[in-house]
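Visitor: If it helps, the file is called upload.cif and holds mmCIF, C-alpha atoms:
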```
data_work
#
loop_
_atom_site.label_atom_id
_atom_site.label_comp_id
_atom_site.auth_asym_id
_atom_site.auth_seq_id
_atom_site.Cartn_x
_atom_site.Cartn_y
_atom_site.Cartn_z
CA MET T 1291 59.70 9.07 -7.94
CA PHE T 1292 63.14 9.01 -9.60
CA GLU T 1293 65.58 11.92 -9.69
CA PRO T 1294 64.12 14.65 -11.95
CA PRO T 1295 66.55 14.19 -14.90
CA VAL T 1296 65.82 10.45 -14.95
CA GLN T 1297 62.08 10.94 -14.46
CA ARG T 1298 62.01 13.38 -17.39
CA VAL T 1299 63.53 10.81 -19.73
CA ILE T 1300 61.09 8.15 -18.48
CA ASP T 1301 58.12 10.49 -18.99
CA GLU T 1302 59.20 11.43 -22.51
CA PHE T 1303 59.88 7.82 -23.54
CA ALA T 1304 56.51 6.78 -22.11
CA ARG T 1305 54.77 9.28 -24.41
CA LEU T 1306 56.01 7.37 -27.46
CA PRO T 1307 53.66 4.80 -29.02
CA GLY T 1308 54.17 1.22 -27.89
CA ILE T 1309 56.39 2.18 -24.95
CA GLY T 1310 54.79 1.72 -21.52
CA ARG T 1311 55.98 3.03 -18.13
CA LYS T 1312 58.00 -0.12 -17.49
CA SER T 1313 59.78 -0.06 -20.85
CA ALA T 1314 60.42 3.68 -20.52
CA GLN T 1315 62.05 3.06 -17.16
CA ARG T 1316 64.17 0.24 -18.57
CA LEU T 1317 65.29 2.47 -21.47
CA ALA T 1318 66.18 5.38 -19.18
CA PHE T 1319 68.29 3.16 -16.93
CA HIS T 1320 69.88 1.61 -19.98
CA LEU T 1321 70.98 5.10 -21.03
CA LEU T 1322 72.48 5.61 -17.58
CA HIS T 1323 74.77 2.64 -18.10
CA VAL T 1324 76.02 2.94 -21.69
CA GLU T 1325 78.79 5.16 -23.06
CA GLU T 1326 77.92 8.83 -22.68
CA ALA T 1327 78.76 9.39 -26.37
CA ASP T 1328 76.01 6.93 -27.37
CA VAL T 1329 73.47 8.86 -25.31
CA ASP T 1330 74.60 12.13 -26.85
CA ARG T 1331 74.25 10.70 -30.35
CA LEU T 1332 70.68 9.60 -29.63
CA GLY T 1333 69.78 12.97 -28.11
CA LEU T 1334 71.33 14.87 -31.00
CA ALA T 1335 69.68 12.73 -33.68
CA ILE T 1336 66.27 13.37 -32.10
CA THR T 1337 66.92 17.09 -31.56
CA ASN T 1338 68.05 17.56 -35.16
CA LEU T 1339 65.32 15.42 -36.73
CA ARG T 1340 62.69 18.10 -37.09
CA LYS T 1341 65.21 20.84 -37.82
CA GLU T 1342 66.67 18.95 -40.79
CA VAL T 1343 63.60 17.20 -42.12
CA ARG T 1344 60.56 18.61 -43.88
CA LEU T 1345 57.89 17.39 -46.27
CA CYS T 1346 58.51 17.31 -50.02
CA THR T 1347 56.64 20.27 -51.54
CA ARG T 1348 55.40 18.04 -54.35
CA CYS T 1349 54.49 14.66 -52.84
CA PHE T 1350 54.74 15.22 -49.05
CA ASN T 1351 57.34 12.49 -48.64
CA VAL T 1352 59.91 13.12 -45.91
CA THR T 1353 62.99 14.94 -47.18
CA ALA T 1354 65.98 16.99 -46.10
CA GLN T 1355 65.62 19.20 -49.20
CA GLU T 1356 62.92 21.14 -51.06
CA GLU T 1357 61.80 18.05 -52.97
CA CYS T 1358 62.32 14.42 -51.99
CA SER T 1359 64.83 12.10 -53.65
CA VAL T 1360 62.10 10.36 -55.68
CA CYS T 1361 60.67 13.61 -57.06
CA ARG T 1362 64.18 14.90 -57.87
CA ASP T 1363 65.08 11.71 -59.75
CA LEU T 1364 64.72 12.56 -63.48
CA ARG T 1365 64.58 8.87 -64.47
CA ARG T 1366 61.24 8.44 -62.68
CA ASP T 1367 58.10 8.45 -64.83
CA PRO T 1368 56.23 11.69 -63.99
CA THR T 1369 52.96 10.48 -65.53
CA MET T 1370 52.47 7.75 -62.90
CA VAL T 1371 51.67 8.40 -59.27
CA CYS T 1372 51.38 5.91 -56.45
CA VAL T 1373 49.09 7.18 -53.67
CA VAL T 1374 50.07 6.06 -50.16
CA GLU T 1375 48.69 6.75 -46.70
CA ARG T 1376 51.95 7.57 -44.96
CA ALA T 1377 55.49 8.58 -45.95
CA GLN T 1378 56.97 5.39 -44.48
CA ASP T 1379 54.95 3.32 -46.98
CA ILE T 1380 57.17 4.74 -49.75
CA ALA T 1381 60.25 2.93 -48.41
CA VAL T 1382 58.40 -0.41 -48.48
CA LEU T 1383 57.24 0.13 -52.06
CA GLU T 1384 60.69 1.30 -53.19
CA ARG T 1385 62.19 -1.92 -51.86
CA THR T 1386 60.12 -3.92 -54.38
CA GLN T 1387 61.85 -2.05 -57.26
CA GLU T 1388 58.63 -2.58 -59.25
CA PHE T 1389 57.44 1.03 -59.42
CA SER T 1390 59.22 3.78 -61.31
CA GLY T 1391 56.75 6.66 -61.00
CA ARG T 1392 56.33 9.26 -58.29
CA TYR T 1393 54.36 9.14 -55.04
CA HIS T 1394 51.71 11.14 -53.25
CA VAL T 1395 51.34 10.94 -49.47
CA LEU T 1396 47.73 11.43 -48.35
CA GLY T 1397 48.57 11.67 -44.66
CA GLY T 1398 46.12 8.95 -43.61
CA SER T 1399 42.93 7.28 -44.77
CA ILE T 1400 39.24 8.13 -44.62
CA SER T 1401 37.95 7.16 -41.19
CA PRO T 1402 34.60 8.63 -40.11
CA ILE T 1403 35.09 7.20 -36.60
CA GLU T 1404 38.28 9.20 -36.14
CA GLY T 1405 36.74 12.21 -37.88
CA ILE T 1406 39.07 11.98 -40.88
CA GLY T 1407 37.33 12.79 -44.13
CA PRO T 1408 38.73 13.67 -47.59
CA ASP T 1409 39.28 17.29 -46.44
CA GLN T 1410 41.71 16.14 -43.74
CA LEU T 1411 43.78 14.28 -46.36
CA ARG T 1412 45.87 15.71 -49.20
CA MET T 1413 43.24 15.07 -51.89
CA ARG T 1414 43.14 18.63 -53.20
CA GLU T 1415 46.92 18.64 -53.59
CA LEU T 1416 46.68 15.40 -55.59
CA VAL T 1417 44.04 16.82 -57.94
CA ARG T 1418 46.22 19.91 -58.45
CA ARG T 1419 49.19 17.66 -59.31
CA ILE T 1420 47.12 15.72 -61.84
CA ASP T 1421 46.41 19.01 -63.59
CA HIS T 1422 49.96 20.36 -63.46
CA GLU T 1423 52.06 17.24 -63.98
CA SER T 1424 50.01 15.51 -66.71
CA ILE T 1425 49.62 12.39 -64.57
CA SER T 1426 47.77 9.70 -66.53
CA GLU T 1427 47.80 6.79 -64.08
CA ALA T 1428 47.29 6.51 -60.32
CA ILE T 1429 48.00 3.35 -58.33
CA VAL T 1430 46.22 3.46 -55.00
CA ALA T 1431 48.41 1.76 -52.39
CA THR T 1432 46.32 2.43 -49.29
CA ASN T 1433 46.24 -0.33 -46.66
CA PRO T 1434 43.96 -3.34 -47.26
CA THR T 1435 41.66 -2.21 -44.42
CA VAL T 1436 38.13 -0.83 -44.29
CA GLU T 1437 39.57 2.71 -44.18
CA GLY T 1438 42.04 1.98 -46.99
CA ASP T 1439 39.23 0.53 -49.11
CA ALA T 1440 37.03 3.56 -48.53
CA THR T 1441 39.89 5.87 -49.45
CA ALA T 1442 40.61 3.90 -52.62
CA LEU T 1443 36.95 4.04 -53.69
CA TYR T 1444 36.83 7.77 -53.01
CA LEU T 1445 40.01 8.32 -55.04
CA ALA T 1446 38.64 6.28 -57.95
CA ARG T 1447 35.50 8.43 -58.04
CA LEU T 1448 37.57 11.60 -57.72
CA LEU T 1449 40.24 10.84 -60.32
CA LYS T 1450 38.49 8.85 -63.06
CA PRO T 1451 36.44 11.87 -64.25
CA LEU T 1452 39.78 13.67 -64.71
CA GLY T 1453 40.79 11.03 -67.26
CA VAL T 1454 43.22 9.24 -64.97
CA LYS T 1455 43.51 5.44 -65.00
CA VAL T 1456 43.06 4.34 -61.39
CA SER T 1457 44.11 0.92 -60.06
CA ARG T 1458 44.61 -0.61 -56.65
CA LEU T 1459 47.22 -3.00 -55.25
CA ALA T 1460 46.02 -6.61 -55.51
CA SER T 1461 44.74 -8.33 -52.39
CA GLY T 1462 45.45 -12.04 -52.11
CA LEU T 1463 47.67 -14.67 -50.60
CA PRO T 1464 51.04 -13.51 -49.27
CA VAL T 1465 53.88 -15.09 -51.27
CA GLY T 1466 55.41 -17.96 -49.32
CA GLY T 1467 52.27 -18.22 -47.19
CA ASP T 1468 50.20 -21.31 -46.60
CA LEU T 1469 46.59 -21.64 -47.84
CA ASP T 1470 45.73 -23.31 -44.54
CA TYR T 1471 46.62 -20.18 -42.62
CA ALA T 1472 44.90 -17.65 -44.87
CA ASP T 1473 41.81 -15.99 -43.42
CA GLU T 1474 38.54 -16.22 -45.36
CA VAL T 1475 38.50 -12.59 -46.44
CA THR T 1476 42.01 -12.74 -47.91
CA LEU T 1477 41.24 -16.06 -49.58
CA GLY T 1478 38.00 -14.61 -50.96
CA ARG T 1479 39.88 -11.66 -52.41
CA ALA T 1480 42.45 -14.04 -53.89
CA LEU T 1481 39.63 -15.95 -55.62
CA ILE T 1482 37.98 -12.82 -56.97
CA GLY T 1483 41.33 -11.50 -58.20
CA ARG T 1484 42.44 -14.82 -59.72
CA GLN T 1485 44.74 -14.45 -62.72
CA GLU T 1486 44.64 -16.53 -65.89
CA LEU T 1487 47.78 -18.58 -66.52
CA MET J 667 67.35 3.99 -47.24
CA PHE J 668 65.59 6.95 -45.57
CA GLU J 669 66.80 10.54 -45.58
CA PRO J 670 69.95 10.78 -43.40
CA PRO J 671 68.37 12.68 -40.46
CA VAL J 672 65.54 10.13 -40.28
CA GLN J 673 67.87 7.18 -40.72
CA ARG J 674 70.07 8.46 -37.88
CA VAL J 675 67.13 8.49 -35.48
CA ILE J 676 66.09 4.99 -36.62
CA ASP J 677 69.65 3.68 -36.13
CA GLU J 678 69.96 5.18 -32.66
CA PHE J 679 66.55 3.92 -31.52
CA ALA J 680 67.36 0.45 -32.86
CA ARG J 681 70.45 0.32 -30.61
CA LEU J 682 68.23 0.48 -27.52
CA PRO J 683 67.28 -2.80 -25.85
CA GLY J 684 63.93 -4.26 -26.89
CA ILE J 685 63.55 -1.95 -29.90
CA GLY J 686 63.92 -3.65 -33.28
CA ARG J 687 64.36 -2.04 -36.72
CA LYS J 688 60.61 -1.97 -37.31
CA SER J 689 59.80 -0.33 -33.97
CA ALA J 690 62.66 2.14 -34.42
CA GLN J 691 61.22 3.13 -37.81
CA ARG J 692 57.74 3.51 -36.33
CA LEU J 693 59.11 5.70 -33.51
CA ALA J 694 61.10 7.91 -35.91
CA PHE J 695 58.06 8.51 -38.11
CA HIS J 696 55.96 9.14 -35.03
CA LEU J 697 58.39 11.92 -34.10
CA LEU J 698 57.98 13.38 -37.58
CA HIS J 699 54.27 13.80 -37.01
CA VAL J 700 53.95 15.12 -33.45
CA GLU J 701 54.44 18.68 -32.18
CA GLU J 702 58.03 19.82 -32.68
CA ALA J 703 58.13 20.94 -29.02
CA ASP J 704 57.47 17.34 -27.92
CA VAL J 705 60.40 16.11 -29.98
CA ASP J 706 62.65 18.83 -28.57
CA ARG J 707 61.66 17.89 -25.02
CA LEU J 708 62.56 14.24 -25.64
CA GLY J 709 65.88 15.17 -27.25
CA LEU J 710 66.75 17.57 -24.45
CA ALA J 711 65.83 15.12 -21.69
CA ILE J 712 68.12 12.51 -23.23
CA THR J 713 70.96 14.97 -23.87
CA ASN J 714 70.82 16.29 -20.30
CA LEU J 715 70.44 12.90 -18.61
CA ARG J 716 74.10 12.05 -18.27
CA LYS J 717 75.13 15.63 -17.67
CA GLU J 718 72.80 16.01 -14.69
CA VAL J 719 72.90 12.53 -13.23
CA ARG J 720 75.69 10.72 -11.41
CA LEU J 721 76.02 7.90 -8.90
CA CYS J 722 75.64 8.53 -5.17
CA THR J 723 79.14 8.49 -3.66
CA ARG J 724 77.87 6.38 -0.77
CA CYS J 725 75.43 3.80 -2.16
CA PHE J 726 75.77 4.18 -5.99
CA ASN J 727 72.10 4.98 -6.43
CA VAL J 728 71.31 7.41 -9.26
CA THR J 729 71.29 11.03 -8.08
CA ALA J 730 71.50 14.60 -9.29
CA GLN J 731 73.60 15.55 -6.25
CA GLU J 732 76.65 14.31 -4.36
CA GLU J 733 74.58 11.82 -2.34
CA CYS J 734 71.20 10.35 -3.26
CA SER J 735 67.91 11.36 -1.63
CA VAL J 736 67.84 8.20 0.53
CA CYS J 737 71.36 8.71 1.88
CA ARG J 738 70.65 12.40 2.54
CA ASP J 739 67.46 11.59 4.48
CA LEU J 740 68.38 11.85 8.18
CA ARG J 741 65.29 9.88 9.24
CA ARG J 742 66.67 6.72 7.59
CA ASP J 743 68.32 4.12 9.83
CA PRO J 744 72.05 4.15 8.94
CA THR J 745 72.70 0.79 10.62
CA MET J 746 70.60 -1.14 8.08
CA VAL J 747 71.57 -1.59 4.45
CA CYS J 748 69.57 -3.24 1.68
CA VAL J 749 71.82 -4.64 -1.05
CA VAL J 750 70.35 -4.52 -4.56
CA GLU J 751 71.65 -5.46 -8.00
CA ARG J 752 70.65 -2.30 -9.85
CA ALA J 753 69.71 1.29 -8.97
CA GLN J 754 66.21 0.85 -10.41
CA ASP J 755 65.49 -1.86 -7.81
CA ILE J 756 65.56 0.85 -5.14
CA ALA J 757 62.42 2.50 -6.52
CA VAL J 758 60.51 -0.79 -6.33
CA LEU J 759 61.59 -1.37 -2.73
CA GLU J 760 60.81 2.22 -1.73
CA ARG J 761 57.28 1.78 -3.04
CA THR J 762 56.66 -0.93 -0.41
CA GLN J 763 57.36 1.62 2.37
CA GLU J 764 58.59 -1.32 4.47
CA PHE J 765 62.30 -0.47 4.59
CA SER J 766 63.72 2.53 6.39
CA GLY J 767 67.47 1.90 6.08
CA ARG J 768 69.89 2.78 3.31
CA TYR J 769 70.80 0.94 0.13
CA HIS J 770 73.86 -0.36 -1.64
CA VAL J 771 73.86 -0.92 -5.39
CA LEU J 772 76.16 -3.79 -6.41
CA GLY J 773 75.93 -3.07 -10.13
CA GLY J 774 74.84 -6.61 -11.08
CA SER J 775 75.07 -10.16 -9.79
CA ILE J 776 77.72 -12.87 -9.83
CA SER J 777 77.55 -14.59 -13.21
CA PRO J 778 80.54 -16.75 -14.22
CA ILE J 779 79.03 -17.18 -17.72
CA GLU J 780 79.12 -13.44 -18.31
CA GLY J 781 82.49 -13.13 -16.59
CA ILE J 782 81.10 -11.17 -13.65
CA GLY J 783 82.72 -12.11 -10.37
CA PRO J 784 82.74 -10.34 -6.97
CA ASP J 785 85.55 -8.05 -8.21
CA GLN J 786 83.30 -6.66 -10.94
CA LEU J 787 80.66 -5.76 -8.35
CA ARG J 788 80.81 -3.14 -5.62
CA MET J 789 81.62 -5.63 -2.83
CA ARG J 790 84.73 -3.84 -1.59
CA GLU J 791 82.78 -0.58 -1.32
CA LEU J 792 80.14 -2.39 0.75
CA VAL J 793 82.74 -3.82 3.16
CA ARG J 794 84.24 -0.35 3.53
CA ARG J 795 80.78 1.06 4.34
CA ILE J 796 80.20 -1.60 7.00
CA ASP J 797 83.41 -0.47 8.67
CA HIS J 798 82.71 3.27 8.41
CA GLU J 799 78.97 3.45 8.94
CA SER J 800 78.57 0.91 11.76
CA ILE J 801 76.09 -1.11 9.72
CA SER J 802 74.74 -4.01 11.77
CA GLU J 803 72.21 -5.59 9.41
CA ALA J 804 72.23 -6.28 5.68
CA ILE J 805 69.14 -7.39 3.73
CA VAL J 806 70.14 -8.97 0.44
CA ALA J 807 67.54 -8.08 -2.19
CA THR J 808 69.17 -9.61 -5.25
CA ASN J 809 66.85 -11.20 -7.81
CA PRO J 810 65.47 -14.70 -7.07
CA THR J 811 67.60 -16.17 -9.88
CA VAL J 812 70.61 -18.47 -9.94
CA GLU J 813 72.89 -15.41 -10.19
CA GLY J 814 71.00 -13.59 -7.43
CA ASP J 815 71.21 -16.67 -5.19
CA ALA J 816 74.96 -17.01 -5.77
CA THR J 817 75.46 -13.32 -4.99
CA ALA J 818 73.41 -13.63 -1.79
CA LEU J 819 75.42 -16.63 -0.62
CA TYR J 820 78.68 -14.85 -1.38
CA LEU J 821 77.52 -11.76 0.55
CA ALA J 822 76.49 -13.88 3.55
CA ARG J 823 79.95 -15.46 3.68
CA LEU J 824 81.59 -12.06 3.22
CA LEU J 825 79.58 -10.07 5.76
CA LYS J 826 78.80 -12.52 8.60
CA PRO J 827 82.45 -12.66 9.78
CA LEU J 828 82.24 -8.86 10.11
CA GLY J 829 79.47 -9.27 12.69
CA VAL J 830 76.69 -8.19 10.34
CA LYS J 831 73.30 -9.91 10.49
CA VAL J 832 72.56 -10.99 6.90
CA SER J 833 69.09 -11.90 5.63
CA ARG J 834 67.50 -12.38 2.23
CA LEU J 835 64.09 -11.43 0.80
CA ALA J 836 61.61 -14.31 1.16
CA SER J 837 60.78 -16.39 -1.89
CA GLY J 838 57.24 -17.69 -2.11
CA LEU J 839 53.83 -17.21 -3.66
CA PRO J 840 53.09 -13.78 -5.09
CA VAL J 841 50.28 -12.10 -3.14
CA GLY J 842 47.02 -12.32 -5.05
CA GLY J 843 48.36 -15.23 -7.09
CA ASP J 844 46.77 -18.63 -7.56
CA LEU J 845 48.33 -21.83 -6.19
CA ASP J 846 47.33 -23.53 -9.44
CA TYR J 847 49.57 -21.25 -11.46
CA ALA J 848 52.66 -21.34 -9.22
CA ASP J 849 55.69 -23.18 -10.62
CA GLU J 850 57.18 -26.04 -8.57
CA VAL J 851 60.31 -24.14 -7.58
CA THR J 852 58.38 -21.17 -6.21
CA LEU J 853 55.91 -23.46 -4.45
CA GLY J 854 58.83 -25.46 -3.01
CA ARG J 855 60.40 -22.27 -1.68
CA ALA J 856 57.05 -21.23 -0.21
CA LEU J 857 56.86 -24.57 1.63
CA ILE J 858 60.40 -24.31 2.98
CA GLY J 859 59.83 -20.74 4.07
CA ARG J 860 56.41 -21.43 5.66
CA GLN J 861 55.55 -19.16 8.57
CA GLU J 862 53.81 -20.19 11.76
CA LEU J 863 50.45 -18.55 12.35
#
```
Is it possible to express this structure as structure tokens?

Guide:
Amino acid sequence: MFEPPVQRVIDEFARLPGIGRKSAQRLAFHLLHVEEADVDRLGLAITNLRKEVRLCTRCFNVTAQEECSVCRDLRRDPTMVCVVERAQDIAVLERTQEFSGRYHVLGGSISPIEGIGPDQLRMRELVRRIDHESISEAIVATNPTVEGDATALYLARLLKPLGVKVSRLASGLPVGGDLDYADEVTLGRALIGRQEL
Amino acid sequence: MFEPPVQRVIDEFARLPGIGRKSAQRLAFHLLHVEEADVDRLGLAITNLRKEVRLCTRCFNVTAQEECSVCRDLRRDPTMVCVVERAQDIAVLERTQEFSGRYHVLGGSISPIEGIGPDQLRMRELVRRIDHESISEAIVATNPTVEGDATALYLARLLKPLGVKVSRLASGLPVGGDLDYADEVTLGRALIGRQEL
């Protein structure tokens, strides 16, 4: 419908998650009206992304080098590992400044509906690391969803026999939240996980 | 916070309209997980956009050639011009298949608040076209907003003395809509613009 170079940009934008035809069109026409240097910078950043970035050979975090910045950091405790679903979860956890161990990116969570079982996740690589890196504690930081729960249970059964202490992030009320607005499941979890003062 | 190549993509995405930091991050990590060829295609489409696309020398529509496909089409009526705010409005009008003339892209609408007056729009170019192309009728298809209304009124005062018949797109109820849901202003316009049956 549009001139081919414009249509190509619209089509490619529309393939991205959360961007519909209308938004893709708006973005393409936005790029037609900004400084050409800005458009070039966007194009170059995208083109270079996969050339410059790979997965950490140890934990499968995103990195520009052989190992990621967390794995390379000698001050981190190598005996603790925090297991996450996706690489972007690491940034959120790092922002808390409460964890000083290393990570392990599973690449998703167990979801029979989507056909993702333990074999589709990096479980074997985790077990190998536990052997090689004398990891003694694993914190499972999968999402508080049905799939995340299933993955956490599977990990507990997999790792405990190897002598690893396995824990899971607490579920409960979000800090700053209002009891009135909490759903029953979250509130139930908060009750079960109540802490003595 | 992220590895530089990833952070660059996030930063550039976040500069686009309607994409916040969180969405930009989600898009960047999406690109890390899809086929590399898909990412290359997106990057290339963006990089080539401004190299391959320019504005039609006649109507300022987006084109890959000297003149746009509408202006090049000899079956179009050269005596009628439809004046739009932005190039993307042309595609919407073309989809109706109700207009067989040419277009003229103003590049926006009169908005004193944003400092956009007639001199910032392609008014002079339109007057020149009316002289050169023996245009006898202009349909003003600016948006039904305060700015679009002001632009339409300005155009009427500018073009009528040149002997051009000037009309404006009808405002009224959207087809398929419900009277119950129409706002007063739209309903008022529909009443004023009522058509005899």

Visitor: Report as a ChimeraX atom specification the residues that result from applying the PyMOL selection byres ((chain T) within 8 of (chain J)) to the structure here.

Guide: /T:1291-1296,1298-1299,1302-1303,1306-1307,1317,1319-1320,1322,1326,1329-1340,1342-1343,1352-1354,1378,1381

Visitor: Run the PyMOL selection byres ((chain J and resi 786) around 12) against the file shown and list the residues it catches, as a ChimeraX atom specification.

Guide: /J:772-778,780-785,787-791,817

Visitor: Can you tell me, as a list in words, which residues sit within 12 Å of (38.0, -10.3, -47.7) in the file's frame, using all atoms listed in the file?

Guide: Pro1434, Thr1435, Val1436, Asp1439, Ala1460, Ser1461, Gly1462, Leu1463, Ala1472, Asp1473, Glu1474, Val1475, Thr1476, Leu1477, Gly1478, Arg1479, Ala1480, Leu1481, Ile1482 and Gly1483 of chain T

Visitor: Please write the residues picked by the PyMOL selection byres ((chain J and resi 805) around 8) on this file as a list in words.

Guide: Met746, Val747, Cys748, Val749, Glu803, Ala804, Val806, Ala807, Val832, Ser833, Arg834 and Leu835 of chain J

Visitor: In Å, rounded to a single decimal, give me how far CA of Asp1379 (chain T) is from CA of Arg1366 (chain T).

Guide: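 A separation of 17.7 Å between them.
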
Visitor: Please provide as a list in words all residues within 8 Å of Thr723 (chain J), with the sequence filter that same-chain residues fewer than 3 positions apart are discarded (counting all atoms listed in the file).

Guide: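 Selected residues are Phe726, Glu732 and Glu733 of chain J.
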
Visitor: Please measure the separation of CA of Gln763 (chain J) and CA of Glu751 (chain J), giving the value in Å to one decimal.

Guide: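 So the answer is 19.0 Å.
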